[in-house]
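> As input, take query-v1.cif (mmCIF, C-alpha atoms and all ligand atoms):
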data_protein
loop_
_atom_site.label_atom_id
_atom_site.label_comp_id
_atom_site.auth_asym_id
_atom_site.auth_seq_id
_atom_site.Cartn_x
_atom_site.Cartn_y
_atom_site.Cartn_z
CA MET Y 14 188.00 134.44 116.52
CA PHE Y 15 188.65 135.50 120.10
CA LEU Y 16 187.51 133.63 123.19
CA GLY Y 17 187.30 135.40 126.55
CA MET Y 18 186.89 133.65 129.90
CA ASP Y 19 186.77 134.81 133.51
CA ASP Y 20 185.75 134.08 137.08
CA THR Y 21 186.19 130.33 137.32
CA ASP Y 22 188.20 130.07 140.53
CA SER Y 23 187.77 130.40 144.28
CA PRO Y 24 190.24 130.82 147.15
CA ASP Y 25 190.03 127.01 147.47
CA GLY Y 26 191.22 126.19 143.98
CA MET Y 27 191.31 126.52 140.23
CA CYS Y 28 192.61 129.44 138.17
CA THR Y 29 191.19 130.95 135.00
CA THR Y 30 194.61 130.93 133.28
CA TYR Y 31 194.87 127.17 133.94
CA LEU Y 32 191.52 126.51 132.29
CA GLY Y 33 192.62 128.75 129.40
CA ALA Y 34 195.83 126.74 128.99
CA ILE Y 35 193.93 123.40 129.12
CA LEU Y 36 191.39 124.69 126.58
CA ALA Y 37 194.21 125.75 124.25
CA GLU Y 38 195.73 122.25 124.52
CA ASN Y 39 192.37 120.59 123.79
CA LEU Y 40 191.74 122.86 120.80
CA ARG Y 41 195.22 122.28 119.36
CA ARG Y 42 194.74 118.54 119.69
CA ALA Y 43 191.42 118.86 117.86
CA GLY Y 44 193.18 120.60 114.94
CA TYR Y 45 192.56 124.28 115.74
CA THR Y 46 195.30 126.87 115.57
CA VAL Y 47 195.67 128.78 118.81
CA GLY Y 48 197.56 132.05 118.37
CA GLU Y 49 198.20 134.64 121.03
CA MET Y 50 197.28 133.72 124.60
CA ARG Y 51 196.51 136.90 126.51
CA LEU Y 52 196.22 137.43 130.25
CA VAL Y 53 194.75 140.78 131.28
CA ARG Y 54 194.53 142.17 134.77
CA LEU Y 55 191.52 144.44 135.36
CA ASN Y 56 190.74 147.07 138.01
CA PRO Y 57 192.71 145.87 141.05
CA ASN Y 58 190.19 147.51 143.42
CA VAL Y 59 187.22 145.34 142.41
CA VAL Y 60 185.87 143.73 145.57
CA TRP Y 61 184.70 140.47 143.97
CA LYS Y 62 188.13 139.41 142.81
CA THR Y 63 189.55 136.13 144.09
CA ARG Y 64 193.20 137.12 143.76
CA GLY Y 65 194.54 139.36 141.02
CA ASN Y 66 191.43 140.13 138.91
CA ALA Y 67 192.68 138.26 135.87
CA ALA Y 68 190.79 137.35 132.69
CA VAL Y 69 192.07 135.52 129.60
CA CYS Y 70 191.65 135.78 125.84
CA LEU Y 71 192.61 133.09 123.29
CA GLU Y 72 193.04 133.87 119.60
CA ILE Y 73 191.76 130.85 117.67
CA SER Y 74 191.39 129.92 114.03
CA GLY Y 75 189.81 126.85 112.41
CA GLY Y 76 186.38 125.36 113.10
CA THR Y 77 183.37 127.46 113.97
CA PRO Y 78 182.75 129.90 116.83
CA GLU Y 79 179.92 127.64 118.03
CA GLU Y 80 182.26 124.60 118.37
CA VAL Y 81 184.88 126.63 120.23
CA PHE Y 82 182.23 128.13 122.47
CA ASP Y 83 180.83 124.65 123.28
CA SER Y 84 184.32 123.30 124.14
CA ALA Y 85 184.90 126.23 126.51
CA CYS Y 86 181.48 125.80 128.17
CA ARG Y 87 182.08 122.05 128.71
CA LEU Y 88 185.47 122.75 130.31
CA VAL Y 89 184.13 125.45 132.61
CA GLU Y 90 181.16 123.27 133.61
CA GLU Y 91 183.57 120.45 134.50
CA PHE Y 92 186.21 122.44 136.38
CA ALA Y 93 184.95 125.81 137.65
CA GLU Y 94 184.51 126.21 141.41
CA PHE Y 95 180.72 126.59 141.26
CA GLY Y 96 180.38 125.95 144.98
CA CYS Y 97 181.91 129.32 145.84
CA GLU Y 98 179.42 132.18 146.12
CA ASN Y 99 181.88 134.53 144.43
CA THR Y 100 182.52 132.30 141.40
CA ASN Y 101 180.33 133.40 138.50
CA PRO Y 102 182.00 132.27 135.27
CA GLY Y 103 181.59 134.04 131.95
CA ILE Y 104 182.54 132.93 128.41
CA VAL Y 105 182.46 135.14 125.31
CA VAL Y 106 183.33 134.35 121.66
CA VAL Y 107 183.58 137.09 118.99
CA ASN Y 108 184.79 137.06 115.40
CA GLU Y 109 186.61 140.39 115.65
CA ARG Y 110 188.03 142.40 118.53
CA PRO Y 111 185.32 144.76 119.80
CA ASN Y 112 186.01 148.44 120.51
CA PRO Y 113 188.61 148.69 123.33
CA ALA Y 114 186.51 151.22 125.28
CA PHE Y 115 184.97 148.40 127.35
CA TYR Y 116 188.43 147.01 128.20
CA TYR Y 117 189.57 150.42 129.43
CA GLN Y 118 186.42 150.79 131.52
CA ALA Y 119 186.99 147.39 133.19
CA LEU Y 120 190.70 148.13 133.65
CA GLN Y 121 190.43 151.64 135.05
CA ARG Y 122 186.85 151.96 136.33
CA PHE Y 123 183.82 149.77 137.08
CA CYS Y 124 181.29 147.94 134.88
CA THR Y 125 177.84 146.47 135.60
CA ILE Y 126 176.62 143.07 134.43
CA GLU Y 127 173.63 144.77 132.73
CA GLU Y 128 175.73 147.07 130.56
CA THR Y 129 178.00 144.14 129.69
CA ILE Y 130 175.07 142.06 128.43
CA GLN Y 131 173.74 145.02 126.43
CA ARG Y 132 177.14 145.41 124.82
CA LEU Y 133 177.43 141.66 124.09
CA ASP Y 134 174.00 141.71 122.41
CA ALA Y 135 174.90 144.84 120.44
CA ILE Y 136 178.03 143.25 118.96
CA GLY Y 137 176.35 139.87 118.32
CA ALA Y 138 178.75 137.90 120.56
CA LEU Y 139 178.24 134.29 121.57
CA TYR Y 140 178.21 134.35 125.38
CA ARG Y 141 177.20 132.45 128.49
CA GLY Y 142 177.20 133.73 132.04
CA TYR Y 143 176.89 131.18 134.83
CA LYS Y 144 175.12 132.01 138.11
CA CYS Y 145 175.00 135.84 138.29
CA GLY Y 146 177.16 136.07 135.15
CA ARG Y 147 179.65 138.56 136.57
CA GLY Y 148 182.50 136.79 134.76
CA LEU Y 149 181.07 138.16 131.49
CA ILE Y 150 182.59 141.53 132.46
CA GLY Y 151 186.14 140.17 132.49
CA ALA Y 152 185.49 137.89 129.48
CA LEU Y 153 184.28 140.82 127.31
CA ALA Y 154 187.10 143.04 128.60
CA ALA Y 155 189.67 140.36 127.67
CA VAL Y 156 188.47 140.00 124.05
CA SER Y 157 188.25 143.82 123.74
CA SER Y 158 191.73 144.42 125.14
CA VAL Y 159 194.56 146.26 123.44
CA LEU Y 160 198.11 146.13 124.76
CA PRO Y 161 200.08 149.18 123.61
CA ASP Y 162 202.68 148.07 126.17
CA ALA Y 163 202.98 144.37 127.01
CA THR Y 164 205.02 142.00 129.13
CA TYR Y 165 205.11 138.19 129.28
CA GLU Y 166 204.53 135.62 131.99
CA LEU Y 167 205.46 131.97 131.78
CA LEU Y 168 203.05 130.12 134.01
CA ALA Y 169 203.90 126.56 135.01
CA TYR Y 170 200.97 124.46 136.27
CA ARG Y 171 200.97 121.53 138.70
CA SER Y 172 199.70 117.98 138.21
CA PRO Y 173 196.15 117.76 139.60
CA GLU Y 174 197.15 115.08 142.14
CA ARG Y 175 199.47 117.66 143.73
CA PHE Y 176 196.83 120.41 144.11
CA GLY Y 177 196.61 121.47 147.74
CA THR Y 178 199.99 119.99 148.68
CA GLN Y 179 203.13 121.97 149.43
CA ARG Y 180 204.98 123.01 146.26
CA LYS Y 181 208.39 121.38 145.86
CA ILE Y 182 210.92 123.92 144.66
CA VAL Y 183 214.63 124.57 145.08
CA ALA Y 184 214.49 128.16 146.32
CA GLU Y 185 218.15 128.81 145.55
CA SER Y 186 217.59 128.11 141.83
CA PHE Y 187 214.99 130.91 141.67
CA PHE Y 188 217.50 133.42 143.09
CA THR Y 189 220.13 132.24 140.58
CA SER Y 190 217.68 132.48 137.70
CA ALA Y 191 216.49 135.96 138.75
CA ALA Y 192 220.05 137.27 139.03
CA ALA Y 193 221.09 135.77 135.68
CA THR Y 194 218.17 137.30 133.77
CA PHE Y 195 217.86 140.69 135.53
CA PRO Y 196 216.70 143.27 134.38
CA HIS Y 197 214.85 141.31 131.65
CA THR Y 198 212.77 139.43 134.24
CA TRP Y 199 211.43 140.76 137.53
CA ASP Y 200 209.49 139.75 140.65
CA THR Y 201 210.78 136.18 140.69
CA VAL Y 202 212.29 136.82 144.14
CA ASP Y 203 212.45 139.60 146.72
CA PRO Y 204 216.21 139.84 147.40
CA THR Y 205 215.82 142.10 150.46
CA ALA Y 206 213.28 139.85 152.17
CA GLY Y 207 215.08 136.74 150.90
CA THR Y 208 211.82 135.22 149.65
CA VAL Y 209 210.68 133.57 146.42
CA VAL Y 210 207.79 135.72 145.18
CA CYS Y 211 206.72 133.91 142.03
CA VAL Y 212 205.53 130.70 143.73
CA PRO Y 213 202.02 130.94 145.22
CA HIS Y 214 201.06 129.22 148.46
CA GLY Y 215 197.38 128.40 147.88
CA LYS Y 216 195.51 125.39 146.52
CA ASP Y 217 195.43 126.74 142.96
CA PRO Y 218 197.15 124.91 140.06
CA VAL Y 219 199.96 127.46 139.53
CA LEU Y 220 203.44 126.15 140.34
CA TYR Y 221 205.27 129.38 139.48
CA GLY Y 222 205.07 132.38 137.17
CA ILE Y 223 208.13 134.04 135.63
CA ARG Y 224 207.56 137.60 134.45
CA GLY Y 225 209.70 139.32 131.87
CA GLU Y 226 210.01 141.49 128.83
CA SER Y 227 209.88 138.80 126.10
CA PRO Y 228 208.92 135.15 125.61
CA GLU Y 229 212.62 134.35 125.18
CA TRP Y 230 213.65 135.87 128.52
CA VAL Y 231 210.91 134.14 130.53
CA LYS Y 232 211.79 130.82 128.86
CA THR Y 233 215.50 131.30 129.60
CA SER Y 234 214.71 132.09 133.22
CA ALA Y 235 212.30 129.14 133.61
CA LYS Y 236 214.95 126.72 132.29
CA MET Y 237 217.12 127.66 135.27
CA VAL Y 238 214.61 126.97 138.04
CA GLN Y 239 214.32 123.60 139.74
CA SER Y 240 210.97 122.31 141.00
CA GLU Y 241 208.51 119.43 140.94
CA PRO Y 242 207.72 118.69 137.27
CA PRO Y 243 205.03 120.99 135.86
CA ILE Y 244 202.27 119.25 133.92
CA LEU Y 245 201.88 122.18 131.53
CA THR Y 246 203.52 125.53 130.85
CA GLN Y 247 202.08 128.46 128.95
CA ILE Y 248 203.54 131.84 128.01
CA TRP Y 249 200.95 134.60 128.29
CA ARG Y 250 201.14 138.06 126.74
CA THR Y 251 199.92 140.43 129.43
CA ASN Y 252 199.23 144.00 130.55
CA GLN Y 253 201.05 143.22 133.82
CA GLY Y 254 203.80 145.62 134.82
CA THR Y 255 202.59 148.35 132.45
CA ASP Y 256 200.72 150.83 134.72
CA ALA Y 257 197.74 150.47 132.36
CA HIS Y 258 195.36 150.92 135.31
CA LEU Y 259 196.54 154.48 136.11
CA LEU Y 260 194.49 157.54 135.15
CA ASP Y 261 195.93 161.04 135.07
CA TYR Y 262 194.51 162.68 138.20
CA ASP Y 263 191.88 165.29 137.41
CA GLY Y 264 191.47 166.90 140.85
CA GLU Y 265 188.53 164.81 142.12
CA PRO Y 266 189.52 161.46 143.61
CA GLN Y 267 187.01 158.65 143.11
CA GLU Y 268 186.77 155.50 145.20
CA GLY Y 269 188.41 152.47 143.56
CA LEU Y 270 190.24 154.34 140.78
CA SER Y 271 194.01 154.44 140.41
CA TYR Y 272 195.94 157.59 139.59
CA ARG Y 273 199.20 159.14 138.56
CA MET Y 274 199.49 162.67 139.99
CA ASP Y 275 202.06 165.45 140.32
CA GLY Y 276 202.19 167.75 143.34
CA VAL Y 277 203.99 168.78 146.50
CA VAL Y 278 204.33 167.23 149.96
CA ALA Y 279 202.28 169.43 152.30
CA GLY Y 280 203.08 167.81 155.64
CA ASN Y 281 205.94 165.67 156.93
CA PRO Y 282 205.30 161.91 157.12
CA VAL Y 283 203.88 160.41 160.31
CA THR Y 284 204.10 156.75 161.40
CA THR Y 285 200.92 155.43 163.00
CA CYS Y 286 200.45 152.39 165.19
CA GLY Y 287 200.73 149.27 163.07
CA GLY Y 288 203.69 150.79 161.23
CA HIS Y 289 201.70 152.50 158.47
CA VAL Y 290 203.20 155.78 157.23
CA HIS Y 291 201.13 158.68 155.89
CA PHE Y 292 201.66 162.25 154.74
CA THR Y 293 199.63 165.11 153.30
CA PHE Y 294 199.97 165.95 149.62
CA LYS Y 295 198.86 168.92 147.53
CA PRO Y 296 198.28 167.72 143.96
CA ASP Y 297 198.77 170.21 141.12
CA ALA Y 298 195.22 169.38 139.96
CA GLY Y 299 192.25 170.35 142.16
CA GLU Y 300 191.89 171.95 145.56
CA PRO Y 301 191.71 169.16 148.11
CA LEU Y 302 194.78 168.11 150.05
CA LEU Y 303 195.09 164.31 149.95
CA THR Y 304 196.26 161.81 152.54
CA VAL Y 305 198.80 159.35 151.13
CA PHE Y 306 199.55 155.99 152.78
CA ALA Y 307 202.42 153.53 152.59
CA PHE Y 308 201.16 150.53 154.54
CA GLU Y 309 203.14 148.21 156.80
CA PRO Y 310 203.40 145.35 154.23
CA THR Y 311 205.38 147.69 151.95
CA LYS Y 312 208.24 147.23 154.46
CA GLU Y 313 211.47 149.07 153.50
CA PHE Y 314 209.58 151.30 151.06
CA ARG Y 315 208.25 153.10 154.16
CA HIS Y 316 211.80 154.10 155.14
CA ILE Y 317 212.05 156.15 151.95
CA VAL Y 318 208.58 157.63 152.47
CA ARG Y 319 209.57 158.70 156.00
CA MET Y 320 212.46 160.72 154.50
CA LEU Y 321 210.10 162.96 152.49
CA ARG Y 322 209.67 166.55 153.68
CA SER Y 323 207.20 169.37 153.10
CA GLY Y 324 207.93 171.08 149.81
CA ASP Y 325 209.27 167.97 148.01
CA CYS Y 326 207.85 167.79 144.46
CA LEU Y 327 206.64 164.29 143.59
CA THR Y 328 204.79 162.18 141.05
CA LEU Y 329 202.65 159.62 142.90
CA CYS Y 330 201.09 156.40 141.58
CA GLY Y 331 198.45 154.54 143.56
CA SER Y 332 194.78 153.75 144.20
CA TRP Y 333 192.23 155.95 145.91
CA LYS Y 334 190.54 153.86 148.60
CA LYS Y 335 188.75 154.87 151.79
CA ASN Y 336 189.73 158.55 151.51
CA SER Y 337 193.43 158.03 150.96
CA LEU Y 338 195.89 157.27 148.21
CA HIS Y 339 197.49 153.84 148.63
CA LEU Y 340 200.98 154.27 147.21
CA GLU Y 341 202.43 151.87 144.62
CA LYS Y 342 205.44 154.01 143.75
CA PHE Y 343 206.54 157.63 143.50
CA ARG Y 344 209.09 159.76 141.76
CA ILE Y 345 210.96 162.56 143.54
CA ASN Y 346 211.11 165.35 140.97
CA ASP Y 347 212.66 167.98 143.25
CA LEU Y 348 213.79 168.00 146.86
CA SER Y 349 213.10 170.93 149.16
CA ASP Y 350 215.90 172.24 151.41
CA GLU Y 351 215.26 170.75 154.78
CA GLN Y 352 215.96 173.41 157.44
CA ILE Y 353 218.14 172.36 160.32
CA ARG Y 354 216.01 171.78 163.41
CA ALA Y 355 218.52 172.48 166.20
CA SER Y 356 219.91 176.04 166.13
CA PRO Y 357 223.62 176.19 165.23
CA LYS Y 358 226.43 177.37 167.54
CA CYS Y 359 227.57 181.01 167.22
CA PRO Y 360 230.79 181.15 165.14
CA VAL Y 361 231.96 184.19 167.27
CA CYS Y 362 231.37 183.18 170.91
CA GLY Y 363 230.23 179.58 170.59
CA GLY Y 364 226.87 180.35 172.24
CA ARG Y 365 223.56 178.86 171.12
CA MET Y 366 221.87 180.86 168.33
CA THR Y 367 218.14 181.37 167.78
CA SER Y 368 216.18 181.85 164.56
CA ALA Y 369 216.10 185.43 163.29
CA GLY Y 370 212.77 184.78 161.57
CA ARG Y 371 211.63 182.61 158.67
CA GLY Y 372 214.34 182.55 155.98
CA LYS Y 373 216.46 185.15 157.82
CA GLY Y 374 219.10 182.95 159.38
CA TYR Y 375 220.13 182.97 163.07
CA LYS Y 376 221.25 185.45 165.73
CA CYS Y 377 223.28 184.91 168.91
CA ARG Y 378 221.66 185.90 172.19
CA THR Y 379 225.02 186.40 173.90
CA CYS Y 380 227.11 188.43 171.44
CA SER Y 381 224.52 189.43 168.81
CA GLY Y 382 226.53 187.59 166.12
CA ARG Y 383 224.48 186.64 163.04
CA ILE Y 384 224.40 183.96 160.37
CA ARG Y 385 222.36 185.16 157.42
CA GLU Y 386 222.21 181.87 155.50
CA VAL Y 387 219.51 179.42 156.48
CA ALA Y 388 221.34 176.27 157.46
CA THR Y 389 220.32 173.14 155.56
CA VAL Y 390 221.14 169.53 156.06
CA PRO Y 391 221.96 167.33 153.08
CA ARG Y 392 219.05 165.08 152.10
CA LYS Y 393 219.65 161.35 152.18
CA ILE Y 394 217.34 160.64 149.23
CA SER Y 395 217.72 161.76 145.64
CA VAL Y 396 215.59 162.53 142.64
CA GLY Y 397 214.21 159.37 140.96
CA TRP Y 398 211.65 156.58 141.29
CA TYR Y 399 210.97 154.55 144.45
CA GLU Y 400 208.66 151.51 144.57
CA VAL Y 401 207.17 148.95 146.93
CA PRO Y 402 209.13 145.66 147.17
CA PRO Y 403 208.19 142.73 144.86
CA ASN Y 404 206.27 141.06 147.71
CA ALA Y 405 203.85 143.99 147.88
CA ARG Y 406 203.63 144.86 144.19
CA ARG Y 407 200.37 144.85 142.28
CA HIS Y 408 200.26 142.86 139.05
CA LEU Y 409 199.57 145.95 136.94
CA ALA Y 410 202.16 148.23 138.55
CA LYS Y 411 205.10 148.94 136.27
CA PRO Y 412 208.31 147.97 138.09
CA VAL Y 413 210.91 150.73 138.18
CA VAL Y 414 213.27 148.44 136.25
CA ARG Y 415 210.93 148.92 133.25
CA ILE Y 416 210.97 152.74 133.46
CA HIS Y 417 213.55 153.94 130.97
CA GLU Y 418 214.29 157.62 131.52
CA PRO Y 419 217.04 159.73 129.94
CA GLN Y 420 220.20 159.27 131.99
CA HIS Y 421 220.20 162.83 133.41
CA LEU Y 422 216.75 162.18 134.94
CA GLN Y 423 217.66 158.86 136.54
CA GLY Y 424 218.20 158.41 140.24
CA GLY Y 425 216.37 156.69 143.08
CA GLN Y 426 215.89 152.99 142.36
CA ASN Y 427 216.25 153.40 138.58
CA GLY Y 428 219.54 155.28 138.78
P1 LIG Y 501 190.02 134.24 138.32
O1 LIG Y 501 191.27 133.43 138.19
O2 LIG Y 501 188.79 133.40 138.56
O3 LIG Y 501 189.82 135.13 137.16
P2 LIG Y 501 190.46 136.65 139.90
O4 LIG Y 501 191.19 136.98 141.11
O5 LIG Y 501 191.03 137.08 138.63
O6 LIG Y 501 190.19 135.10 139.70
P3 LIG Y 501 187.71 136.80 139.61
O7 LIG Y 501 187.32 135.58 140.37
O8 LIG Y 501 187.75 136.75 138.15
O9 LIG Y 501 189.08 137.30 140.14
O10 LIG Y 501 186.74 137.96 140.12
C1 LIG Y 501 186.68 139.23 139.54
C2 LIG Y 501 185.26 139.48 139.07
O11 LIG Y 501 185.10 140.87 138.90
C3 LIG Y 501 184.96 138.83 137.72
O12 LIG Y 501 183.64 138.37 137.75
C4 LIG Y 501 185.09 139.98 136.72
O13 LIG Y 501 184.25 139.82 135.60
C5 LIG Y 501 184.64 141.15 137.58
N1 LIG Y 501 185.26 142.42 137.19
C6 LIG Y 501 186.50 142.62 136.71
N2 LIG Y 501 186.72 143.93 136.50
C7 LIG Y 501 185.62 144.58 136.85
C8 LIG Y 501 185.24 145.96 136.85
N3 LIG Y 501 186.07 146.91 136.47
N4 LIG Y 501 183.99 146.27 137.28
C9 LIG Y 501 183.15 145.31 137.71
N5 LIG Y 501 183.45 143.98 137.74
C10 LIG Y 501 184.67 143.62 137.31
#
Translate this file's structure into structure tokens.
Ligand code: ATP

Amino acid sequence: MFLGMDDTDSPDGMCTTYLGAILAENLRRAGYTVGEMRLVRLNPNVVWKTRGNAAVCLEISGGTPEEVFDSACRLVEEFAEFGCENTNPGIVVVNERPNPAFYYQALQRFCTIEETIQRLDAIGALYRGYKCGRGLIGALAAVSSVLPDATYELLAYRSPERFGTQRKIVAESFFTSAAATFPHTWDTVDPTAGTVVCVPHGKDPVLYGIRGESPEWVKTSAKMVQSEPPILTQIWRTNQGTDAHLLDYDGEPQEGLSYRMDGVVAGNPVTTCGGHVHFTFKPDAGEPLLTVFAFEPTKEFRHIVRMLRSGDCLTLCGSWKKNSLHLEKFRINDLSDEQIRASPKCPVCGGRMTSAGRGKGYKCRTCSGRIREVATVPRKISVGWYEVPPNARRHLAKPVVRIHEPQHLQGGQNG
């Protein structure tokens, strides 16, 4: 059977993965077999999310669905943050994985509580939604999920008496571990910013989370980090770092959906107050020109964005929010020739030359000398992928280190 659970935490504490890990421990102790533990991230643009819009699914055998369901309900009733208006837990138990269509809808689009309940009734699931029951959406999505591409996260959890206190870690050991296991683990640290990324700062039970390509690599990496003793660790199979949230752009952007789109830069980047950088983009699909943003928290990523020029051919990945595309990463497929701005000096008399017309080179006002070639300056960026730093990365976004392209296509940050 499969048990799905969601929406148990608040900004002040708890975490659905922690309850999932505790439930798995309780069930194992009671003689059940707990198989795959799955952590799915759903649409990152959902406004009700506490942090990363996570939901969990446990694969369980032994006992009856009713007993498992009751254990999960008791745990949620004891630990969920019911005091928070935005905490509306949901628990679902099914005997078989339902059709994945609902998972894809929750991952890439939006779902209503009503349609979720209709679907749960139609498939004969055991379910309970607390308060407004919104957590049923994530719980049903988690049991319906399919992971054609998957990564792993080892989550270490804190002792309850430490919740809300500063986490004790040896930062240096996280940098050593990340370097020793690269490129098989990622987002443990941000080397440019010099920060540890995988240790949260809130009151939740997570001590750290190591992300990587296999259970073995995340275990190897976790063995190298030094910290306060975790009370529990759990390796989750996840859709994190897979780009599963991206839809191929169809020419009509919709609020809250995330896209992958090809097209051409239609206007040079501009930096606005606050340090945000934006440019105009003409996608291959559809008529409208789109505004694309790299926001200030994406830090050095904006330096690359500022180097783009009209005519550059790109693939963009990001979410459509408030009439603009919020960039997660992009690939430069082809660079336009950037025309020199200042006119060159005349090779005959050394005088200043002026443009002879678009694409026609330059002519000298003094001696009528001509240069027929349009002068270009070498571009400082190259074809390839560029991404936001680990500090600013979304859980679902595939890191460039996971993009394996044929060698002749590599460049940018995957070259
Ligand atoms: P938690 O650890 O509690 O899961 P979180 O940051 O993952 O924290 P939630 O508190 O679960 O976020 O809040 C997200 C809420 O949005 C959940 O109730 C979930 O069921 C719901 N939800 C998830 N995806 C969608 C979607 N595509 N459409 C509508 N609601 C969604």
> For Leu409 (chain Y), work out the shell of residues within 7 Å, counting all atoms listed in the file and skipping chain neighbours fewer than 5 positions away, then give it as a list in words.
Arg54, Asn252, Gln253, Gly254, Thr255, Asp256, Ala257 and His258 of chain Y
> Within 7 Å of ligand LIG 501 (chain Y), counting only C-alpha atoms and all ligand atoms: which residues, as a count of residues only?
37
> What are the closest atom pairs, with distances in Å to one decimal, for all residues of region 129-216 of chain Y lying within 10 Å of region 41-51 of chain Y? Consider only C-alpha atoms, order rows by chain and residue number, and present the result as a Markdown table.

| residue | atom | partner | partner_atom | distance |
| --- | --- | --- | --- | --- |
| Y:Ala155 | CA | Y:Arg51 | CA | 7.8 |
| Y:Val156 | CA | Y:Arg51 | CA | 9.0 |
| Y:Ser158 | CA | Y:Arg51 | CA | 9.0 |
| Y:Leu160 | CA | Y:Arg51 | CA | 9.5 |
| Y:Ala163 | CA | Y:Arg51 | CA | 9.9 |
| Y:Tyr165 | CA | Y:Arg51 | CA | 9.1 |
| Y:Glu166 | CA | Y:Arg51 | CA | 9.8 |
> Take the residues that were just selected and, keeping C-alpha atoms, output them as a JSON list (two decimals), in the frame of the given file.

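File written: selection-v1.json
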[["chain", "number", "residue", "atom", "x", "y", "z"],
["Y", 155, "ALA", "CA", 189.67, 140.36, 127.67],
["Y", 156, "VAL", "CA", 188.47, 140.00, 124.05],
["Y", 158, "SER", "CA", 191.73, 144.42, 125.14],
["Y", 160, "LEU", "CA", 198.11, 146.13, 124.76],
["Y", 163, "ALA", "CA", 202.98, 144.37, 127.01],
["Y", 165, "TYR", "CA", 205.11, 138.19, 129.28],
["Y", 166, "GLU", "CA", 204.53, 135.62, 131.99]]
> Identify, on the basis of all atoms listed in the file, every residue whose closest approach to Asn346 (chain Y) does not exceed 8 Å; exclude the query and any residue fewer than 5 positions from it along the same chain; express the result as a compact mmCIF listing (two decimals) with C-alpha atoms, in the frame of the given file.

# COMPACT_ATOMS: atom_id res chain seq x y z
CA ASP Y 325 209.27 167.97 148.01
CA CYS Y 326 207.85 167.79 144.46
CA LEU Y 327 206.64 164.29 143.59
CA THR Y 328 204.79 162.18 141.05
CA VAL Y 396 215.59 162.53 142.64
CA GLY Y 397 214.21 159.37 140.96
> Neighbouring residues of Gly137 (chain Y) were defined as those with any atom within 12 Å, considering only C-alpha atoms; residues of the same chain fewer than 6 positions away were excluded. Please report them as a ChimeraX atom specification.
/Y:78,105-111,130-131
